[in-house]
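Chemist: Have a look at this one.
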Amino acid sequence: PSLFSELPRYQIDSVFALIADYIADTHPEKVSLGPGVYRDDQGAPWPLNVVEKVEKQLFEKNDAGRHEYLTIAGDGTFLELARDLCFGFGEGTPEEEKLKLKIASVQTISGTGANHMGALFLSKYLKPARVWISDPTWMNHHTIWELQGVERRTYPYYHAEKRAFDFEGMMATLEEQAEKNDVILLHACAHNPTGLDPTKEQWKAIADLCERKGLFPFFDSAYQGFASGNLTEDSWSVQYFLRNKPNMEMCLAQSFSKNFGLYGQRVGAFHLVSNEPSSELRESIKVNLCHLIRGEYSMAPRGGSTIVKTVLLDEQLKKEWQNDLTIMSDRIKVMRKALYDELQRLGTPGTWEHLVTQIGMFSYTGLTAAQCHALRGKHHVYMLDSGRASITGLTSENVVYVARAFDDVVR
Ligand code: PLP
């Protein structure tokens with residue numbers, strides 16, 4: 001027998017199996033509501049207009065250094081722009097400059113890599129007894145922390161009956177069971193998979209709880225600007241914590257996959273916020289992150305971050321990016337409403353308002369696993385058994401078909 005014949009049998013993230021089943025299906029009306037990727041109204045991938053424009057510019061520029069290595073920390077200009085975007089810096093006031101001194105940033109292999117580098121760094125140097133993860137969450141949070149050997153605990157997030165964010169459940173669990181130095185994972189906006197976010201008042205209470213109990217907030221920001229179309233609004237939670245809890249230390253994993261449509265380019269950053277505006281401490285944190293990065297992947301890739309940097313450096317291009325964000329987020333809102341309207345028209349049993357009030361790419365539809373099976377088997381509509389639907393898979397052409405399929409399986 002092979003030395004490897006006793007390997008554990010992992011079930012890799014079910015979304016990939018779902019994609020494979022969808023591809024194998026030959027039915028002409030099949031619909032994919034599985035993966036978290038943007039699709040246009042023809043159901044096709046959509047390179048952002050501004051990205052296509054910058055790609056052409058970069059091609060014409062023909063910079064001989066375009067395939068050189070970055071430094072271990074990554075592209076410094078990109079990192080400053082990325083930091084300013086998520087923490088809402090702009091005016092360069094003395095107060096902002098002081099805040100910047102608290103933040104050590106490194107470039108990562110997109111949001112996944114940022115989550116991973118954060119988990120790796122914290123498990124080594126913060127040594128939390130446990131990490132608190134929302135139930136449910138993006139499945140990779142579990143894998144990433146499991147691989148660091150940190151005990152994972154979940155806090156309630158979804159109230160199934162009310163189809164709403166379970167704020168009381170979350171607070172009660174953390175209040176009773178979380179301990180000083182525990183890490184708490186928070187989705188900065190557009191919670192995956194529920195599409196339900198805390199209100200501003202609830203965020204304030206969460207920040208107070210973290211401060212009072214000495215928890216270490218770990219923000220995962222994968223949808224800034226993509227969720228509501230508004231870059232500031234989608235980063236409100238992060239900016240509130242930074243500005244209102246000066247003694248609290250925290251970190252943030254930032255992805256540019258969705259808001260720039262650069263999924264396969266792996267563009268991201270990890271930011272660690274200390275409670276001291278000290279360039280020495282910042283440098284020391286950065287050097288330690290670089291030590292880990294060197295041993296893992298040497299440095300992040302260059303292509304995608306150059307595109308993001310070029311856009312964020314130029315006010316005009318930034319406006320064009322904003323326009324693209326509006327196109328994507330508006331289309332999602334229109335599709336949410338179209339699905340809702342059609343279900344209303346059909347008189348489908350149950351309440352469906354959550355389809356329009358949830359935010360971002362996903363809707364937690366409330367369909368059961370059995371109903372999702374029936375959707376696939378009978379109607380060739382593919383979504384996860386959890387009932388999560390990626391709204392971007394809906395188009396003006398297929399939305400009526402999908403609504404009828406929903407109607408059929410819930411009756
Ligand atoms: N975090 C959350 C909550 C996500 O939904 C995603 C992508 O689906 C990511 C992080 C990271 O994605 P990527 O590694 O493509 O940046």
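Just so we're on the same page: first chain in the structure tokens is A, next is B, and so on; residues restart at 1 for each chain, and ligands are numbered from 1 in the order they show up.
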Output as JSON lines one row per residue of chain A within 8 Å of ligand 1: the closest atom pair and its distance in Å to one decimal place, counting only C-alpha atoms and all ligand atoms, sorted by chain and residue number ascending.

Modeler:
```
{"residue": "A:Gly36", "atom": "CA", "partner": "ligand 1", "partner_atom_place_in_ligand_line": "8 (O)", "distance": 5.7}
{"residue": "A:Val37", "atom": "CA", "partner": "ligand 1", "partner_atom_place_in_ligand_line": "8 (O)", "distance": 7.9}
{"residue": "A:Ile109", "atom": "CA", "partner": "ligand 1", "partner_atom_place_in_ligand_line": "14 (O)", "distance": 7.0}
{"residue": "A:Ser110", "atom": "CA", "partner": "ligand 1", "partner_atom_place_in_ligand_line": "16 (O)", "distance": 4.1}
{"residue": "A:Gly111", "atom": "CA", "partner": "ligand 1", "partner_atom_place_in_ligand_line": "16 (O)", "distance": 3.3}
{"residue": "A:Thr112", "atom": "CA", "partner": "ligand 1", "partner_atom_place_in_ligand_line": "14 (O)", "distance": 3.6}
{"residue": "A:Gly113", "atom": "CA", "partner": "ligand 1", "partner_atom_place_in_ligand_line": "14 (O)", "distance": 6.4}
{"residue": "A:Ala114", "atom": "CA", "partner": "ligand 1", "partner_atom_place_in_ligand_line": "14 (O)", "distance": 7.9}
{"residue": "A:Asn115", "atom": "CA", "partner": "ligand 1", "partner_atom_place_in_ligand_line": "10 (C)", "distance": 7.3}
{"residue": "A:Thr137", "atom": "CA", "partner": "ligand 1", "partner_atom_place_in_ligand_line": "3 (C)", "distance": 7.3}
{"residue": "A:Trp138", "atom": "CA", "partner": "ligand 1", "partner_atom_place_in_ligand_line": "3 (C)", "distance": 5.2}
{"residue": "A:Asn140", "atom": "CA", "partner": "ligand 1", "partner_atom_place_in_ligand_line": "1 (N)", "distance": 7.9}
{"residue": "A:His141", "atom": "CA", "partner": "ligand 1", "partner_atom_place_in_ligand_line": "1 (N)", "distance": 7.8}
{"residue": "A:His187", "atom": "CA", "partner": "ligand 1", "partner_atom_place_in_ligand_line": "3 (C)", "distance": 6.3}
{"residue": "A:His191", "atom": "CA", "partner": "ligand 1", "partner_atom_place_in_ligand_line": "3 (C)", "distance": 6.6}
{"residue": "A:Asn192", "atom": "CA", "partner": "ligand 1", "partner_atom_place_in_ligand_line": "3 (C)", "distance": 5.2}
{"residue": "A:Pro193", "atom": "CA", "partner": "ligand 1", "partner_atom_place_in_ligand_line": "5 (O)", "distance": 7.6}
{"residue": "A:Asp220", "atom": "CA", "partner": "ligand 1", "partner_atom_place_in_ligand_line": "1 (N)", "distance": 5.6}
{"residue": "A:Ser221", "atom": "CA", "partner": "ligand 1", "partner_atom_place_in_ligand_line": "1 (N)", "distance": 6.5}
{"residue": "A:Ala222", "atom": "CA", "partner": "ligand 1", "partner_atom_place_in_ligand_line": "1 (N)", "distance": 5.1}
{"residue": "A:Tyr223", "atom": "CA", "partner": "ligand 1", "partner_atom_place_in_ligand_line": "5 (O)", "distance": 7.7}
{"residue": "A:Ala253", "atom": "CA", "partner": "ligand 1", "partner_atom_place_in_ligand_line": "10 (C)", "distance": 7.7}
{"residue": "A:Gln254", "atom": "CA", "partner": "ligand 1", "partner_atom_place_in_ligand_line": "16 (O)", "distance": 7.3}
{"residue": "A:Ser255", "atom": "CA", "partner": "ligand 1", "partner_atom_place_in_ligand_line": "16 (O)", "distance": 4.3}
{"residue": "A:Phe256", "atom": "CA", "partner": "ligand 1", "partner_atom_place_in_ligand_line": "16 (O)", "distance": 6.1}
{"residue": "A:Ser257", "atom": "CA", "partner": "ligand 1", "partner_atom_place_in_ligand_line": "16 (O)", "distance": 4.9}
{"residue": "A:Lys258", "atom": "CA", "partner": "ligand 1", "partner_atom_place_in_ligand_line": "15 (O)", "distance": 7.4}
{"residue": "A:Tyr263", "atom": "CA", "partner": "ligand 1", "partner_atom_place_in_ligand_line": "15 (O)", "distance": 5.4}
{"residue": "A:Gly264", "atom": "CA", "partner": "ligand 1", "partner_atom_place_in_ligand_line": "15 (O)", "distance": 7.4}
{"residue": "A:Arg266", "atom": "CA", "partner": "ligand 1", "partner_atom_place_in_ligand_line": "16 (O)", "distance": 6.4}
{"residue": "A:Val267", "atom": "CA", "partner": "ligand 1", "partner_atom_place_in_ligand_line": "16 (O)", "distance": 6.8}
{"residue": "A:Gly268", "atom": "CA", "partner": "ligand 1", "partner_atom_place_in_ligand_line": "16 (O)", "distance": 6.5}
```

Chemist: Contacts of A:Pro94 at 12 Å or less, counting only C-alpha atoms, minus same-chain residues fewer than 6 places along, as a VMD selection string?

Modeler: chain A and resid 100 to 101 277

Chemist: Any idea what the distance is between atom CA of A:Pro136 and atom CA of A:Leu231?

Modeler: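 We find that atom CA of A:Pro136 and atom CA of A:Leu231 lie 25.1 Å from each other.
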
Chemist: For A:Met139, which of A:Ile19, A:Met171, A:Leu317, A:Leu384 is the closest residue, counting only C-alpha atoms?

Modeler: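 For A:Met139, the nearest of the given residues is A:Leu384.
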
Chemist: With the cut-off set at 7 Å and counting only C-alpha atoms, tabulate each residue of stretch 32-147 of chain A with an atom at most that distance from an atom of stretch 299-306 of chain A, showing the nearest atom pair and its distance in Å to one decimal, ordered by chain and increasing number, as CSV.

Modeler:
```
residue,atom,partner,partner_atom,distance
A:Leu70,CA,A:Met299,CA,6.4
A:Thr71,CA,A:Met299,CA,6.4
A:Ile72,CA,A:Met299,CA,4.6
A:Ala73,CA,A:Met299,CA,6.6
A:Gly74,CA,A:Ala300,CA,6.1
A:Phe78,CA,A:Ser305,CA,6.6
A:Gln107,CA,A:Ala300,CA,6.0
A:Thr108,CA,A:Ala300,CA,5.4
A:Ile109,CA,A:Ala300,CA,5.7
```

Chemist: If we count only C-alpha atoms, what is near A:Asp25 at a cut-off of 12 Å, once residues fewer than 4 positions away on the same chain are taken out, given as number ranges by chain?

Modeler: A: 18-21, 29-32, 376-382

Chemist: Show me a table, sorted first by chain and then by increasing residue number, of the residues of stretch 93-178 of chain A having an atom at most 10 Å from stretch 340-359 of chain A, each with its shortest atom pair and the distance in Å to one decimal, counting only C-alpha atoms and written as CSV.

Modeler:
```
residue,atom,partner,partner_atom,distance
A:Lys162,CA,A:His354,CA,9.5
A:Arg163,CA,A:His354,CA,7.0
A:Ala164,CA,A:His354,CA,7.9
```

Chemist: Residues of stretch 140-379 of chain A in helix (DSSP H, G or I) according to DSSP, as a PyMOL selection string?

Modeler: chain A and resi 140-147+167-177+200-213+233-244+263-265+279-296+303-313+315-346+354-357+369-379

Chemist: Could you work out how far atom CA of A:Gly76 lies from atom CA of A:Asp63, giving the answer in Å with one decimal?

Modeler: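 Result for atom CA of A:Asp63 versus atom CA of A:Gly76: 18.0 Å, one decimal.
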
Chemist: Which neighbours of A:Ser235 fall inside 9 Å, counting only C-alpha atoms, when residues of the same chain fewer than 2 positions from it are skipped, and could you give them as a ChimeraX atom specification?

Modeler: /A:85-88,188-189,221,224-225,230-233,237-240
